[in-house]
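Undergrad: Below is the file query04.cif, with mmCIF, C-alpha atoms.
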data_upload
loop_
_atom_site.label_atom_id
_atom_site.label_comp_id
_atom_site.auth_asym_id
_atom_site.auth_seq_id
_atom_site.Cartn_x
_atom_site.Cartn_y
_atom_site.Cartn_z
CA MET K 10 0.00 0.00 0.00
CA VAL K 11 1.22 3.50 -0.88
CA VAL K 12 0.21 6.25 1.53
CA THR K 13 -0.65 9.51 -0.19
CA GLN K 14 0.43 12.85 1.18
CA GLU K 15 -1.89 14.76 3.51
CA ASN K 16 -2.64 18.38 2.71
CA ALA K 17 -1.93 21.23 5.10
CA SER K 18 -0.74 19.04 7.95
CA VAL K 19 1.17 21.99 9.32
CA ASN K 20 -0.18 25.48 8.73
CA THR K 21 1.24 27.56 11.55
CA GLY K 22 2.76 30.32 9.47
CA ARG K 23 6.32 29.06 9.89
CA ARG K 24 8.34 26.16 8.58
CA PRO K 25 8.35 23.12 10.88
CA THR K 26 11.63 21.74 12.17
CA PRO K 27 12.84 18.20 11.36
CA GLN K 28 11.89 17.20 14.91
CA GLU K 29 8.33 18.48 14.45
CA ILE K 30 7.94 16.70 11.12
CA ALA K 31 9.27 13.48 12.65
CA GLU K 32 6.79 13.79 15.54
CA ILE K 33 3.85 14.30 13.15
CA LEU K 34 4.84 11.22 11.13
CA ARG K 35 5.48 9.31 14.36
CA ASP K 36 1.91 10.10 15.50
CA ARG K 37 0.55 8.85 12.19
CA ILE K 38 2.44 5.57 12.60
CA ARG K 39 1.42 5.08 16.23
CA GLY K 40 -2.17 6.00 15.44
CA GLY K 41 -2.40 3.38 12.69
CA ARG K 42 -2.81 5.78 9.79
CA LEU K 43 0.54 4.49 8.54
CA LYS K 44 0.89 0.73 8.89
CA ALA K 45 3.82 -1.68 8.73
CA GLY K 46 4.85 -2.19 5.12
CA ASP K 47 3.24 1.04 3.84
CA ARG K 48 5.39 3.33 1.72
CA LEU K 49 5.71 6.97 2.72
CA PRO K 50 5.22 9.68 0.11
CA THR K 51 8.38 10.74 -1.67
CA GLN K 52 10.71 13.29 -0.10
CA ALA K 53 9.51 15.82 -2.69
CA GLU K 54 5.87 15.20 -1.73
CA LEU K 55 6.62 15.49 1.98
CA ALA K 56 8.64 18.66 1.39
CA ASP K 57 5.68 20.13 -0.49
CA GLU K 58 3.21 19.07 2.21
CA PHE K 59 5.21 20.60 5.06
CA GLY K 60 6.53 23.58 3.09
CA VAL K 61 10.20 22.79 3.76
CA GLU K 62 13.35 21.85 1.88
CA ARG K 63 14.10 18.21 1.13
CA GLY K 64 17.09 18.31 3.50
CA THR K 65 14.69 19.02 6.38
CA VAL K 66 12.57 16.03 5.37
CA ARG K 67 15.66 13.81 5.19
CA GLN K 68 16.65 14.76 8.73
CA ALA K 69 13.15 13.84 9.94
CA LEU K 70 13.25 10.50 8.15
CA ARG K 71 16.66 9.68 9.63
CA ALA K 72 15.28 10.36 13.11
CA LEU K 73 12.42 7.93 12.47
CA GLN K 74 14.87 5.37 11.13
CA ASP K 75 16.98 5.71 14.28
CA ASP K 76 13.80 5.00 16.27
CA GLY K 77 13.29 1.81 14.25
CA LEU K 78 10.10 3.09 12.64
CA LEU K 79 11.31 3.22 9.02
CA THR K 80 13.27 0.98 6.67
CA ASN K 81 14.93 1.60 3.30
CA VAL K 82 15.76 5.23 4.04
CA SER K 83 18.19 6.62 1.40
CA LYS K 84 17.75 3.55 -0.84
CA GLY K 85 16.51 5.53 -3.84
CA SER K 86 12.82 4.88 -3.21
CA PRO K 87 10.35 6.05 -0.55
CA PRO K 88 10.99 4.38 2.83
CA ARG K 89 8.55 1.89 4.29
CA ILE K 90 7.05 1.67 7.73
CA ALA K 91 9.02 -0.93 9.68
CA GLN K 92 7.50 -3.95 11.35
CA PRO K 93 6.80 -3.43 15.06
CA ALA K 94 9.77 -4.23 17.27
CA PRO K 95 9.43 -7.63 18.97
CA HIS K 96 9.03 -7.95 22.70
CA PRO K 97 12.44 -7.67 24.43
CA GLY K 98 12.27 -11.27 25.61
CA GLU K 99 11.23 -12.72 22.26
CA PRO K 100 13.92 -14.84 20.53
CA GLN K 101 15.10 -13.44 17.22
CA PRO K 102 17.55 -14.55 14.50
CA ALA K 103 21.18 -13.77 15.24
CA LEU K 104 21.52 -11.26 12.42
CA VAL K 105 18.47 -9.35 13.69
CA VAL K 106 19.16 -9.12 17.41
CA LEU K 107 22.94 -9.26 17.73
CA GLY K 108 23.81 -5.93 16.08
CA PRO K 109 21.46 -3.81 18.24
CA ARG K 110 22.50 -5.62 21.43
CA LEU K 111 26.18 -5.08 20.63
CA SER K 112 25.46 -1.42 19.90
CA ASP K 113 23.92 -1.08 23.37
CA ALA K 114 26.92 -2.83 24.90
CA PHE K 115 29.29 -0.39 23.17
CA ARG K 116 27.65 2.53 24.98
CA GLU K 117 29.42 1.45 28.16
CA PRO K 118 32.85 2.98 28.82
CA ARG K 119 34.46 -0.46 29.18
CA VAL K 120 33.15 -3.06 26.75
CA ARG K 121 33.71 -6.72 27.57
CA LEU K 122 32.54 -9.41 25.13
CA ASP K 123 32.97 -13.17 25.57
CA VAL K 124 31.88 -15.37 22.67
CA VAL K 125 31.58 -19.10 21.98
CA CYS K 126 30.95 -19.83 18.31
CA HIS K 127 31.75 -22.15 15.44
CA THR K 128 33.02 -19.37 13.17
CA ALA K 129 33.00 -15.59 13.65
CA GLU K 130 30.53 -14.95 10.81
CA SER K 131 27.58 -13.68 12.88
CA LEU K 132 29.84 -11.70 15.20
CA LEU K 133 31.71 -10.08 12.33
CA LEU K 134 28.50 -9.03 10.58
CA ALA K 135 26.85 -7.76 13.77
CA LEU K 136 29.85 -5.68 14.81
CA SER K 137 29.44 -3.50 11.73
CA GLU K 138 26.62 -1.69 13.52
CA PRO K 139 28.50 -0.56 16.66
CA LEU K 140 31.60 0.16 14.56
CA ARG K 141 29.52 2.47 12.39
CA LEU K 142 28.31 4.30 15.50
CA ILE K 143 31.91 4.71 16.65
CA HIS K 144 33.04 6.11 13.29
CA GLU K 145 30.07 8.50 13.29
CA GLY K 146 31.07 9.72 16.74
CA ARG K 147 27.82 8.59 18.36
CA VAL K 148 29.47 6.17 20.81
CA ARG K 149 33.02 5.95 22.07
CA PRO K 150 33.99 3.37 24.68
CA ASP K 151 37.31 3.78 26.48
CA SER K 152 38.26 0.14 26.07
CA LEU K 153 37.18 -3.07 24.37
CA HIS K 154 38.12 -6.55 25.58
CA LEU K 155 36.99 -9.44 23.35
CA ARG K 156 37.58 -13.14 24.00
CA VAL K 157 36.45 -15.75 21.46
CA LEU K 158 36.32 -19.54 21.78
CA MET K 159 36.09 -21.62 18.58
CA PRO K 160 36.84 -25.28 17.79
CA ALA K 161 40.47 -26.31 17.41
CA ARG K 162 41.73 -26.86 13.89
CA ASP K 163 42.71 -30.53 14.15
CA ILE K 164 39.82 -32.13 16.06
CA ALA K 165 37.20 -34.35 14.44
CA LEU K 166 34.32 -31.89 14.27
CA ALA K 167 30.74 -32.98 14.89
CA PHE K 168 29.81 -30.57 12.08
CA PRO K 169 30.45 -29.70 9.34
CA VAL K 170 31.09 -33.25 8.16
CA LEU K 171 30.74 -34.91 4.81
CA ALA K 172 27.32 -36.43 4.26
CA GLY K 173 28.40 -38.36 1.19
CA PRO K 174 31.22 -38.64 -1.33
CA ALA K 175 32.80 -35.46 -2.63
CA GLU K 176 34.00 -34.78 -6.13
CA PRO K 177 37.66 -35.64 -6.74
CA ALA K 178 40.14 -33.26 -5.14
CA ASP K 179 42.31 -30.93 -7.17
CA PRO K 180 45.79 -32.50 -7.06
CA GLU K 181 47.37 -29.03 -7.11
CA VAL K 182 45.84 -27.93 -3.77
CA PRO K 183 48.82 -26.81 -1.65
CA GLU K 184 49.69 -28.73 1.48
CA SER K 185 49.34 -25.54 3.54
CA ALA K 186 45.59 -25.50 2.83
CA THR K 187 45.01 -28.80 4.60
CA ALA K 188 43.84 -29.00 8.18
CA GLY K 189 46.80 -29.90 10.32
CA PRO K 190 47.79 -29.03 13.86
CA GLY K 191 49.14 -25.52 14.41
CA ALA K 192 51.69 -24.15 16.82
CA GLY K 193 50.13 -23.82 20.23
CA GLU K 194 46.85 -25.34 19.06
CA GLY K 195 46.01 -28.99 18.88
CA ARG K 196 44.18 -31.82 20.50
CA ALA K 197 44.83 -32.25 24.18
CA SER K 198 46.37 -35.60 25.02
CA GLY K 199 44.16 -38.38 26.32
CA ARG K 200 40.89 -37.01 24.96
CA GLY K 201 39.72 -40.02 23.00
CA PRO K 202 40.89 -42.34 20.23
CA GLU K 203 39.03 -40.66 17.36
CA PRO K 204 41.41 -39.52 14.60
CA GLY K 205 41.40 -35.95 13.38
CA PRO K 206 40.21 -34.97 9.90
CA GLY K 207 42.04 -36.34 6.92
CA PRO K 208 44.14 -34.07 4.69
CA ASP K 209 41.56 -34.33 1.89
CA ASP K 210 38.43 -33.51 3.91
CA PRO K 211 36.90 -30.57 1.97
CA ALA K 212 34.22 -29.87 4.57
CA HIS K 213 36.82 -29.45 7.32
CA ARG K 214 39.22 -27.48 5.14
CA ARG K 215 36.45 -25.09 4.07
CA TRP K 216 35.40 -24.55 7.70
CA LEU K 217 39.00 -23.96 8.79
CA GLN K 218 39.60 -21.44 6.04
CA MET K 219 36.43 -19.56 7.02
CA ARG K 220 37.28 -19.69 10.74
CA ASN K 221 40.75 -18.26 10.21
CA ALA K 222 39.80 -15.62 7.61
CA GLN K 223 36.88 -14.27 9.62
CA ALA K 224 38.91 -14.18 12.83
CA ARG K 225 41.71 -12.26 11.11
CA VAL K 226 39.28 -9.68 9.71
CA LEU K 227 37.61 -9.37 13.10
CA ARG K 228 40.91 -8.80 14.86
CA HIS K 229 42.11 -6.28 12.26
CA SER K 230 38.84 -4.29 12.32
CA LEU K 231 38.88 -3.95 16.10
CA HIS K 232 42.60 -3.26 16.42
CA ALA K 233 42.15 -0.39 13.95
CA LEU K 234 40.11 1.43 16.60
CA ARG K 235 43.34 2.03 18.51
CA SER K 236 44.79 4.32 15.87
CA THR K 237 41.56 5.84 14.54
CA HIS K 238 39.79 6.56 17.84
CA GLY K 239 42.30 5.94 20.63
CA ILE K 240 40.29 3.04 22.08
CA ALA K 241 42.24 0.46 24.07
CA VAL K 242 41.52 -2.84 22.30
CA ASP K 243 42.40 -6.39 23.36
CA VAL K 244 41.29 -9.30 21.16
CA ALA K 245 42.13 -12.91 22.05
CA PHE K 246 41.18 -16.29 20.58
CA ARG K 247 41.43 -19.74 22.13
CA ALA K 248 40.64 -23.16 20.68
CA LEU K 249 38.11 -25.61 22.09
CA PRO K 250 38.80 -29.36 22.05
CA PHE K 251 35.16 -30.03 21.06
CA THR K 252 32.43 -28.75 18.75
CA PRO K 253 30.11 -26.40 20.66
CA PRO K 254 26.43 -27.27 20.04
CA VAL K 255 25.38 -23.70 20.90
CA LYS K 256 26.60 -20.18 20.32
CA LEU K 257 26.91 -17.85 23.29
CA TYR K 258 27.48 -14.11 23.54
CA LEU K 259 28.19 -12.56 26.95
CA LEU K 260 27.86 -8.77 26.90
CA ASN K 261 29.52 -6.73 29.64
CA GLY K 262 28.83 -9.45 32.17
CA GLY K 263 25.17 -8.47 32.30
CA GLU K 264 23.52 -10.23 29.37
CA ALA K 265 23.77 -13.66 27.79
CA LEU K 266 22.51 -14.40 24.27
CA LEU K 267 22.21 -18.15 23.62
CA GLY K 268 21.39 -19.87 20.34
CA TYR K 269 21.31 -23.50 19.21
CA TYR K 270 23.15 -24.72 16.14
CA VAL K 271 20.56 -26.70 14.16
CA VAL K 272 22.30 -29.21 11.89
CA ALA K 273 20.88 -29.96 8.44
CA ARG K 274 22.06 -31.52 5.20
CA ARG K 275 23.47 -28.97 2.76
CA GLU K 276 25.27 -28.89 -0.58
CA GLU K 277 28.52 -26.94 -0.51
CA GLU K 278 30.79 -25.67 -3.26
CA TRP K 279 34.43 -24.96 -2.54
CA GLU K 280 37.58 -24.94 -4.68
CA ASP K 281 35.64 -26.11 -7.74
CA ARG K 282 34.26 -29.05 -5.80
CA THR K 283 30.71 -29.88 -4.75
CA PHE K 284 29.99 -32.03 -1.74
CA PRO K 285 27.09 -32.74 0.65
CA THR K 286 27.58 -31.90 4.32
CA TYR K 287 25.82 -31.94 7.63
CA ASP K 288 26.25 -28.37 8.86
CA ALA K 289 24.47 -25.51 10.63
CA LEU K 290 23.75 -21.95 9.58
CA GLY K 291 24.67 -19.96 12.66
CA THR K 292 23.41 -16.66 11.26
CA GLN K 293 19.88 -18.10 11.30
CA SER K 294 20.03 -19.38 14.89
CA LEU K 295 17.45 -17.86 17.21
CA LEU K 296 19.11 -16.05 20.10
CA PHE K 297 17.47 -16.18 23.53
CA SER K 298 18.29 -13.20 25.75
CA PHE K 299 18.93 -13.46 29.49
CA ARG K 300 19.65 -10.26 31.45
CA ASP K 301 20.82 -10.06 35.02
CA GLN K 302 18.31 -7.28 35.69
CA ALA K 303 15.35 -9.36 34.49
CA GLY K 304 15.00 -11.33 37.72
CA PRO K 305 16.76 -14.04 39.75
CA ARG K 306 16.38 -16.74 37.08
CA ASP K 307 17.97 -14.68 34.31
CA ALA K 308 20.64 -13.34 36.65
CA ALA K 309 21.61 -16.91 37.64
CA PHE K 310 21.80 -17.95 33.98
CA VAL K 311 24.07 -15.02 33.10
CA ALA K 312 26.32 -15.70 36.09
CA GLU K 313 26.60 -19.45 35.38
CA SER K 314 27.24 -18.82 31.69
CA GLN K 315 30.10 -16.49 32.60
CA LYS K 316 31.54 -19.08 35.01
CA TRP K 317 31.30 -21.75 32.29
CA PHE K 318 33.10 -19.54 29.77
CA ASP K 319 35.84 -18.52 32.23
CA ALA K 320 36.43 -22.15 33.22
CA LEU K 321 36.87 -23.21 29.59
CA TRP K 322 39.16 -20.27 28.88
CA ASP K 323 41.41 -21.02 31.85
CA THR K 324 41.58 -24.84 31.59
CA ILE K 325 41.14 -27.08 28.56
CA THR K 326 41.43 -24.56 25.72
CA THR K 327 44.65 -23.75 23.83
CA ASP K 328 46.05 -20.76 21.97
CA MET K 329 44.47 -20.53 18.54
CA THR K 330 46.56 -20.32 15.36
CA LEU K 331 45.08 -18.25 12.53
CA SER K 332 47.33 -19.53 9.74
#
Could you take the file, read its structure, and then write that structure out as structure tokens?
TA:
Amino acid sequence: MVVTQENASVNTGRRPTPQEIAEILRDRIRGGRLKAGDRLPTQAELADEFGVERGTVRQALRALQDDGLLTNVSKGSPPRIAQPAPHPGEPQPALVVLGPRLSDAFREPRVRLDVVCHTAESLLLALSEPLRLIHEGRVRPDSLHLRVLMPARDIALAFPVLAGPAEPADPEVPESATAGPGAGEGRASGRGPEPGPGPDDPAHRRWLQMRNAQARVLRHSLHALRSTHGIAVDVAFRALPFTPPVKLYLLNGGEALLGYYVVARREEEWEDRTFPTYDALGTQSLLFSFRDQAGPRDAAFVAESQKWFDALWDTITTDMTLS
């Protein structure tokens, strides 16, 4: 549905400010005259309705976007009314909830993030939002301390694993691309007789390449904040001797976001090869939020999750090699 402009909405003898225009549109949205999915009039139509320049309209639309009321602002077409925000306790996909929660965490002067994940894909994507706020000067923490736990490179992963035969390997694949133990990272002794992945396991090699590449980009992006904004940054990775069945994000010691990895059969393409795997899409995992201020039950979950993470970090994990 396209919402047509309304005539003479403001006729006070002076030009309304961006804040006043935003409040008028906000009232229309809250009152149901503009519904989720509706398109607003064009900036030119709104400028004509309110008797202002287009720049004033753009400022009003940005304010509504910041409030989460509009989508597709500055996309070359009229913005749409956003879907209502879910209830704070409602689980949402990782790519929906993680960015806003990280942005809130970055408003604290000392940011502390502890993460358990299979790769850093969701974390890397979600961090673009708080990093944008930093570069725009809207938030500026004094320090950032990030610790990440991911599976070790040479263990037999529970997933991804081959679900059937793969196409023949390229004989020219260099030995360095295979999954072998790295310096300071490997299987702890006495942890079971299962062998590690073979040198020609494309599912494992693809995962390892993704794990290392995403972690390097993550580390570089955060370390850059030292020189660009003077933020004290500490990023550390350690390797787990097992495949975590869940992903966990601990934000400033006060919130835990937990999501399950749901394994399914998938077809993968990598290095001109196609092979079936059993794997999980972590970006689609629903994240359940627990906050220490939401009551004794949530507070206990956050505290125990932090204890669990700290115990893993200090005991059975090893330094992670990103080569």
Undergrad: Could you check which of K:Ala212, K:Val255, K:Ile90, K:Leu73 is closest to Val170 (chain K), using only C-alpha atoms?
TA: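 Looking at the shortest contact to Val170 (chain K), the residue is K:Ala212.
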Undergrad: Since I can't run it myself right now, could you work out what the PyMOL selection byres ((chain K and resi 151-153) around 6) selects here and report it as a PyMOL selection string?
TA: chain K and resi 118-121+150+154+240-242
Undergrad: Of the candidates K:Pro102, K:Glu264, K:Ala69, K:Arg149, which shows the shortest atom-to-atom distance to Thr237 (chain K), using all atoms listed in the file?
TA: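 Selected residue with least distance to Thr237 (chain K): K:Arg149.
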Undergrad: Considering all atoms listed in the file, state which residue in the set K:Leu231, K:Ala308, K:Leu140, K:Leu290 is at the smallest distance from Ser112 (chain K).
TA: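 The shortest atom-to-atom distance to Ser112 (chain K) comes from K:Leu140.
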Undergrad: What's around region 25-42 of chain K at 7 Å? Count only C-alpha atoms, leave out sequence neighbours fewer than 3 positions away in its own chain, and write the answer as a ChimeraX atom specification.
TA: /K:65-66,68-70,72-73
Undergrad: Between CA of Ser236 (chain K) and CA of Met159 (chain K), what is the distance, to one decimal in Å?
TA: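 Straight-line distance from CA of Ser236 (chain K) to CA of Met159 (chain K) works out to 27.5 Å.
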Undergrad: K:Gln52, K:Thr326, K:Gln74, K:Gln101: which is nearest Leu158 (chain K), counting all atoms listed in the file?
TA: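 Nearest to Leu158 (chain K): K:Thr326.
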Undergrad: For Leu321 (chain K), which of K:Arg300, K:His232, K:Arg247, K:Arg89 is the closest residue, counting all atoms listed in the file?
TA: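 Residue with the minimum atom-to-atom distance to Leu321 (chain K): K:Arg247.
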Undergrad: Work out how far CA of Gln218 (chain K) is from CA of Arg282 (chain K), in Å to one decimal.
TA: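 CA of Arg282 (chain K) sits 15.1 Å away from CA of Gln218 (chain K).
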Undergrad: On this structure, which residues satisfy the PyMOL selection byres ((chain K and resi 111) around 8), written as an NGL selection string?
TA: :K and (107-110 or 112-115 or 135-136 or 138-139 or 260)
Undergrad: Starting from the PyMOL selection byres ((chain K and resi 297) around 6), expand the selection into actual residues of this file and give them as a VMD selection string.
TA: chain K and resid 100 266 to 267 296 298
Undergrad: At what distance in Å, to one decimal, does CA of Tyr270 (chain K) lie from CA of Ala312 (chain K)?
TA: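 CA of Tyr270 (chain K) lies at a distance of 22.1 Å from CA of Ala312 (chain K).
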Undergrad: Can you tell me, as a PyMOL selection string, what residues are no more than 6 Å from Val125 (chain K) when counting all atoms listed in the file, ignoring any on the same chain fewer than 5 positions away?
TA: chain K and resi 157-158+256-257
Undergrad: Could you put an axis-aligned box around every listed atom of region 231-245 of chain K, padded by 8 Å on each side, and send me its centre and edge lengths in Å to one decimal, as lines of an AutoDock Vina configuration file?
TA:
center_x = 41.8
center_y = -3.2
center_z = 19.0
size_x = 21.9
size_y = 35.5
size_z = 26.1
Undergrad: Find the residue from K:Gly46, K:Pro88, K:Gly64, K:Pro211 that sits nearest to Phe284 (chain K); use only C-alpha atoms when measuring.
TA: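 Checking each of K:Gly46, K:Pro88, K:Gly64, K:Pro211 against Phe284 (chain K), counting only C-alpha atoms, the winner is K:Pro211.
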